[in-house]
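Encoded as structure tokens, the structure appears first; notes follow it.
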Amino acid sequence: MENLLALSKLCEQFGCFVNANAPMKNYTTFKIGGPADLLISPYSQEQVKKVICACRELQVPLTVIGNGSNLLVSDSGIRGCVLKIGTNMSAITLEENGVISCLAGAPLSALSVFAMKNSLTGLEFAYGIPGTAGGALFMNAGAYGGEFKDVIVSADHIDSNGNIVTLQKNNMQLAYRSSVYSSMNSCIVSMKLQLSRGNSQDIKAKMDDFMSKRKSKQPLEYPSAGSVFKRPEGYFAGALIEQAGLKGYSVGGAAVSEKHAGFIINKGGASCCDVELLISQIQQKVFENSGVHLECEIKKI
């Protein structure tokens, strides 16, 4: 407790936003999760570095999140410090030859709109994904045939010792919903993306089409963490769940969406335990029905 109080005071001195006993349900799109001992939201890369170093020196556990759009947080919350890289660090700038530079907290929709307004194509797929640039790189987010690996050039992260490290794309081990960052104790802070010249009206039309498809096929009216399961090779997770007769199936406040079986929605008051039990039952019933094991895409904390 003394170390947490010391960390809180230090982070306030650094100029960060500090929230003690922060309910994580307010910081995740699932609207689920107990309190974090301390939630810190920095405004600069230098502040990120200071927070990471302070956590190390005070031996306070550190968890890094973005927009919380792919997270399932425990009902008991998160011990230690949650470092939230969000809209406080969301600057986007245009460089030469179709290169966009942005901080890791930039929302993907804002990044897509920025590209469109500058007649740059390649980020249309990200329009409507409720995450940040850092989170998208961390998990190599994708939709409608596009992935973050298609546009990333390089990224800066801060390691557990407070060092700023630059990784080029070929060192990121980008694969389906994974990257080298998932096995690193680090915090992505900025990146460069390479896009191509295009027609802004055509780009906007494509973005609007993707958004229309999202609204018609995904349960955006309910809190969720997006697609719960990775796509099994040769199959679609949602179709397998639907074939197992699980559309609308619920545990407590958590339910398989009637609109898209690949989504678990929070109908109201769902707990982490509700979601975990529902995930387990879906996996079991899908395996019994099709012989396919569904692997989780969402990250549990």
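We label chains A, B, ... in the order they appear in the structure tokens, count residues from 1 in each chain, and number ligands from 1 in the order shown.
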Worksheet item: Contacts of Phe148 (chain A) at 10 Å or less, counting only C-alpha atoms, minus same-chain residues fewer than 6 places along, as JSON, numbers by chain?
Response: {"A": [122, 123, 125, 126, 133, 136, 137, 138, 139, 140, 141, 142, 174, 175, 177, 193]}
Distance query Met24 (chain A) at most 7 Å, only C-alpha atoms, self and fewer than 3 positions along chain excluded, as a PDB file with N, CA, C and O atoms, in the first residue's frame:
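To be explicit, this is the file written out as result-v1.pdb:
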```
ATOM      1  N   TYR A  27     -13.442   1.355 -18.034  1.00  0.00           N
ATOM      2  CA  TYR A  27     -12.304   1.489 -18.948  1.00  0.00           C
ATOM      3  C   TYR A  27     -12.221   0.331 -19.942  1.00  0.00           C
ATOM      4  O   TYR A  27     -11.182   0.145 -20.582  1.00  0.00           O
ATOM      5  N   THR A  28     -13.291  -0.455 -20.050  1.00  0.00           N
ATOM      6  CA  THR A  28     -13.344  -1.540 -21.036  1.00  0.00           C
ATOM      7  C   THR A  28     -14.668  -1.465 -21.796  1.00  0.00           C
ATOM      8  O   THR A  28     -15.683  -1.065 -21.238  1.00  0.00           O
ATOM      9  N   ILE A  32     -17.072  -4.515 -17.916  1.00  0.00           N
ATOM     10  CA  ILE A  32     -16.893  -5.547 -16.901  1.00  0.00           C
ATOM     11  C   ILE A  32     -15.526  -5.344 -16.253  1.00  0.00           C
ATOM     12  O   ILE A  32     -14.563  -4.993 -16.933  1.00  0.00           O
ATOM     13  N   GLY A  33     -15.440  -5.596 -14.961  1.00  0.00           N
ATOM     14  CA  GLY A  33     -14.143  -5.564 -14.288  1.00  0.00           C
ATOM     15  C   GLY A  33     -14.172  -4.811 -12.978  1.00  0.00           C
ATOM     16  O   GLY A  33     -14.774  -3.741 -12.863  1.00  0.00           O
ATOM     17  N   GLY A  34     -13.518  -5.383 -11.966  1.00  0.00           N
ATOM     18  CA  GLY A  34     -13.410  -4.748 -10.671  1.00  0.00           C
ATOM     19  C   GLY A  34     -12.381  -3.634 -10.678  1.00  0.00           C
ATOM     20  O   GLY A  34     -11.851  -3.258 -11.726  1.00  0.00           O
ATOM     21  N   PRO A  35     -12.049  -3.086  -9.510  1.00  0.00           N
ATOM     22  CA  PRO A  35     -11.170  -1.914  -9.447  1.00  0.00           C
ATOM     23  C   PRO A  35      -9.694  -2.229  -9.658  1.00  0.00           C
ATOM     24  O   PRO A  35      -9.192  -3.251  -9.197  1.00  0.00           O
ATOM     25  N   ALA A  36      -9.021  -1.322 -10.348  1.00  0.00           N
ATOM     26  CA  ALA A  36      -7.561  -1.355 -10.416  1.00  0.00           C
ATOM     27  C   ALA A  36      -7.044  -0.549  -9.230  1.00  0.00           C
ATOM     28  O   ALA A  36      -7.602   0.502  -8.904  1.00  0.00           O
ATOM     29  N   GLY A  77     -10.735  -7.199 -10.071  1.00  0.00           N
ATOM     30  CA  GLY A  77      -9.945  -6.071 -10.533  1.00  0.00           C
ATOM     31  C   GLY A  77      -8.509  -6.425 -10.850  1.00  0.00           C
ATOM     32  O   GLY A  77      -8.174  -7.583 -11.095  1.00  0.00           O
TER      33      GLY A  77
END
```
Item to complete: Extract, using only C-alpha atoms, all DNA, RNA and protein residues at most 8 Å from Gly80 (chain A), discarding same-chain residues fewer than 2 positions from it, and format them as a PyMOL selection string.
Response: chain A and resi 4+36-38+60-63+78+82
Item to complete: Could you tell me, as a count of residues only, which residues of region 125-166 of chain A DSSP assigns to helix (DSSP H, G or I) when given the backbone?
Response: 12
Worksheet item: Neighbours of region 99-105 of chain A within 7 Å (only C-alpha atoms; same-chain residues fewer than 3 positions away dropped), as a PyMOL selection string?
Response: chain A and resi 66+85-87+89-96+132-134+188-195
Could the residues in this selection be written to a file with N, CA, C and O atoms, as a PDB file, in the first residue's frame?
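Result file follows (selection_10.pdb):
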```pdb
ATOM      1  N   GLY A  66      -4.969  -0.192 -23.734  1.00  0.00           N
ATOM      2  CA  GLY A  66      -5.310   0.899 -24.632  1.00  0.00           C
ATOM      3  C   GLY A  66      -6.742   1.326 -24.357  1.00  0.00           C
ATOM      4  O   GLY A  66      -7.067   1.794 -23.269  1.00  0.00           O
ATOM      5  N   ILE A  85      -2.893   3.868 -22.151  1.00  0.00           N
ATOM      6  CA  ILE A  85      -2.437   4.692 -23.270  1.00  0.00           C
ATOM      7  C   ILE A  85      -3.652   5.001 -24.131  1.00  0.00           C
ATOM      8  O   ILE A  85      -4.075   4.196 -24.960  1.00  0.00           O
ATOM      9  N   GLY A  86      -4.268   6.157 -23.873  1.00  0.00           N
ATOM     10  CA  GLY A  86      -5.512   6.502 -24.551  1.00  0.00           C
ATOM     11  C   GLY A  86      -5.445   7.844 -25.250  1.00  0.00           C
ATOM     12  O   GLY A  86      -4.397   8.247 -25.765  1.00  0.00           O
ATOM     13  N   THR A  87      -6.577   8.553 -25.215  1.00  0.00           N
ATOM     14  CA  THR A  87      -6.693   9.788 -25.994  1.00  0.00           C
ATOM     15  C   THR A  87      -5.774  10.902 -25.501  1.00  0.00           C
ATOM     16  O   THR A  87      -5.581  11.894 -26.206  1.00  0.00           O
ATOM     17  N   MET A  89      -2.769  10.532 -25.420  1.00  0.00           N
ATOM     18  CA  MET A  89      -1.623  10.357 -26.321  1.00  0.00           C
ATOM     19  C   MET A  89      -2.139   9.902 -27.683  1.00  0.00           C
ATOM     20  O   MET A  89      -2.047   8.744 -28.053  1.00  0.00           O
ATOM     21  N   SER A  90      -2.729  10.846 -28.422  1.00  0.00           N
ATOM     22  CA  SER A  90      -3.417  10.447 -29.660  1.00  0.00           C
ATOM     23  C   SER A  90      -3.063  11.305 -30.871  1.00  0.00           C
ATOM     24  O   SER A  90      -3.774  11.285 -31.872  1.00  0.00           O
ATOM     25  N   ALA A  91      -1.973  12.056 -30.793  1.00  0.00           N
ATOM     26  CA  ALA A  91      -1.600  12.944 -31.904  1.00  0.00           C
ATOM     27  C   ALA A  91      -1.304  12.151 -33.178  1.00  0.00           C
ATOM     28  O   ALA A  91      -0.692  11.078 -33.135  1.00  0.00           O
ATOM     29  N   ILE A  92      -1.755  12.701 -34.304  1.00  0.00           N
ATOM     30  CA  ILE A  92      -1.542  12.091 -35.624  1.00  0.00           C
ATOM     31  C   ILE A  92      -0.952  13.159 -36.538  1.00  0.00           C
ATOM     32  O   ILE A  92      -1.469  14.269 -36.615  1.00  0.00           O
ATOM     33  N   THR A  93       0.120  12.834 -37.233  1.00  0.00           N
ATOM     34  CA  THR A  93       0.745  13.798 -38.137  1.00  0.00           C
ATOM     35  C   THR A  93       1.034  13.148 -39.491  1.00  0.00           C
ATOM     36  O   THR A  93       1.261  11.942 -39.582  1.00  0.00           O
ATOM     37  N   LEU A  94       1.037  13.974 -40.521  1.00  0.00           N
ATOM     38  CA  LEU A  94       1.313  13.508 -41.879  1.00  0.00           C
ATOM     39  C   LEU A  94       2.754  13.823 -42.242  1.00  0.00           C
ATOM     40  O   LEU A  94       3.214  14.958 -42.098  1.00  0.00           O
ATOM     41  N   GLU A  95       3.478  12.801 -42.701  1.00  0.00           N
ATOM     42  CA  GLU A  95       4.844  13.004 -43.162  1.00  0.00           C
ATOM     43  C   GLU A  95       4.870  12.917 -44.693  1.00  0.00           C
ATOM     44  O   GLU A  95       3.835  13.000 -45.338  1.00  0.00           O
ATOM     45  N   GLU A  96       6.017  12.730 -45.257  1.00  0.00           N
ATOM     46  CA  GLU A  96       6.123  12.703 -46.715  1.00  0.00           C
ATOM     47  C   GLU A  96       5.804  11.322 -47.278  1.00  0.00           C
ATOM     48  O   GLU A  96       5.892  10.310 -46.592  1.00  0.00           O
ATOM     49  N   THR A 132      -7.302   1.328 -30.184  1.00  0.00           N
ATOM     50  CA  THR A 132      -6.274   2.327 -30.444  1.00  0.00           C
ATOM     51  C   THR A 132      -5.230   1.764 -31.398  1.00  0.00           C
ATOM     52  O   THR A 132      -5.167   0.550 -31.633  1.00  0.00           O
ATOM     53  N   ALA A 133      -4.381   2.645 -31.908  1.00  0.00           N
ATOM     54  CA  ALA A 133      -3.305   2.216 -32.802  1.00  0.00           C
ATOM     55  C   ALA A 133      -2.379   1.236 -32.095  1.00  0.00           C
ATOM     56  O   ALA A 133      -1.963   0.221 -32.671  1.00  0.00           O
ATOM     57  N   GLY A 134      -2.049   1.526 -30.838  1.00  0.00           N
ATOM     58  CA  GLY A 134      -1.160   0.639 -30.086  1.00  0.00           C
ATOM     59  C   GLY A 134      -1.764  -0.731 -29.882  1.00  0.00           C
ATOM     60  O   GLY A 134      -1.090  -1.755 -30.064  1.00  0.00           O
ATOM     61  N   ILE A 188       3.991   0.041 -26.160  1.00  0.00           N
ATOM     62  CA  ILE A 188       4.077   0.714 -27.452  1.00  0.00           C
ATOM     63  C   ILE A 188       3.670   2.173 -27.265  1.00  0.00           C
ATOM     64  O   ILE A 188       2.644   2.460 -26.647  1.00  0.00           O
ATOM     65  N   VAL A 189       4.472   3.103 -27.796  1.00  0.00           N
ATOM     66  CA  VAL A 189       4.160   4.525 -27.605  1.00  0.00           C
ATOM     67  C   VAL A 189       3.906   5.294 -28.908  1.00  0.00           C
ATOM     68  O   VAL A 189       3.193   6.298 -28.909  1.00  0.00           O
ATOM     69  N   SER A 190       4.470   4.840 -30.028  1.00  0.00           N
ATOM     70  CA  SER A 190       4.263   5.543 -31.288  1.00  0.00           C
ATOM     71  C   SER A 190       4.586   4.624 -32.454  1.00  0.00           C
ATOM     72  O   SER A 190       5.175   3.554 -32.276  1.00  0.00           O
ATOM     73  N   MET A 191       4.190   5.059 -33.649  1.00  0.00           N
ATOM     74  CA  MET A 191       4.439   4.220 -34.832  1.00  0.00           C
ATOM     75  C   MET A 191       4.350   5.036 -36.111  1.00  0.00           C
ATOM     76  O   MET A 191       3.836   6.159 -36.125  1.00  0.00           O
ATOM     77  N   LYS A 192       4.849   4.432 -37.190  1.00  0.00           N
ATOM     78  CA  LYS A 192       4.738   5.011 -38.524  1.00  0.00           C
ATOM     79  C   LYS A 192       4.023   4.015 -39.428  1.00  0.00           C
ATOM     80  O   LYS A 192       4.305   2.809 -39.383  1.00  0.00           O
ATOM     81  N   LEU A 193       3.100   4.536 -40.241  1.00  0.00           N
ATOM     82  CA  LEU A 193       2.314   3.717 -41.154  1.00  0.00           C
ATOM     83  C   LEU A 193       2.540   4.190 -42.579  1.00  0.00           C
ATOM     84  O   LEU A 193       2.636   5.395 -42.838  1.00  0.00           O
ATOM     85  N   GLN A 194       2.619   3.257 -43.519  1.00  0.00           N
ATOM     86  CA  GLN A 194       2.793   3.588 -44.931  1.00  0.00           C
ATOM     87  C   GLN A 194       1.491   3.320 -45.668  1.00  0.00           C
ATOM     88  O   GLN A 194       1.016   2.182 -45.732  1.00  0.00           O
ATOM     89  N   LEU A 195       0.905   4.385 -46.238  1.00  0.00           N
ATOM     90  CA  LEU A 195      -0.328   4.246 -47.009  1.00  0.00           C
ATOM     91  C   LEU A 195      -0.072   4.636 -48.463  1.00  0.00           C
ATOM     92  O   LEU A 195       1.004   5.110 -48.816  1.00  0.00           O
TER      93      LEU A 195
END
```
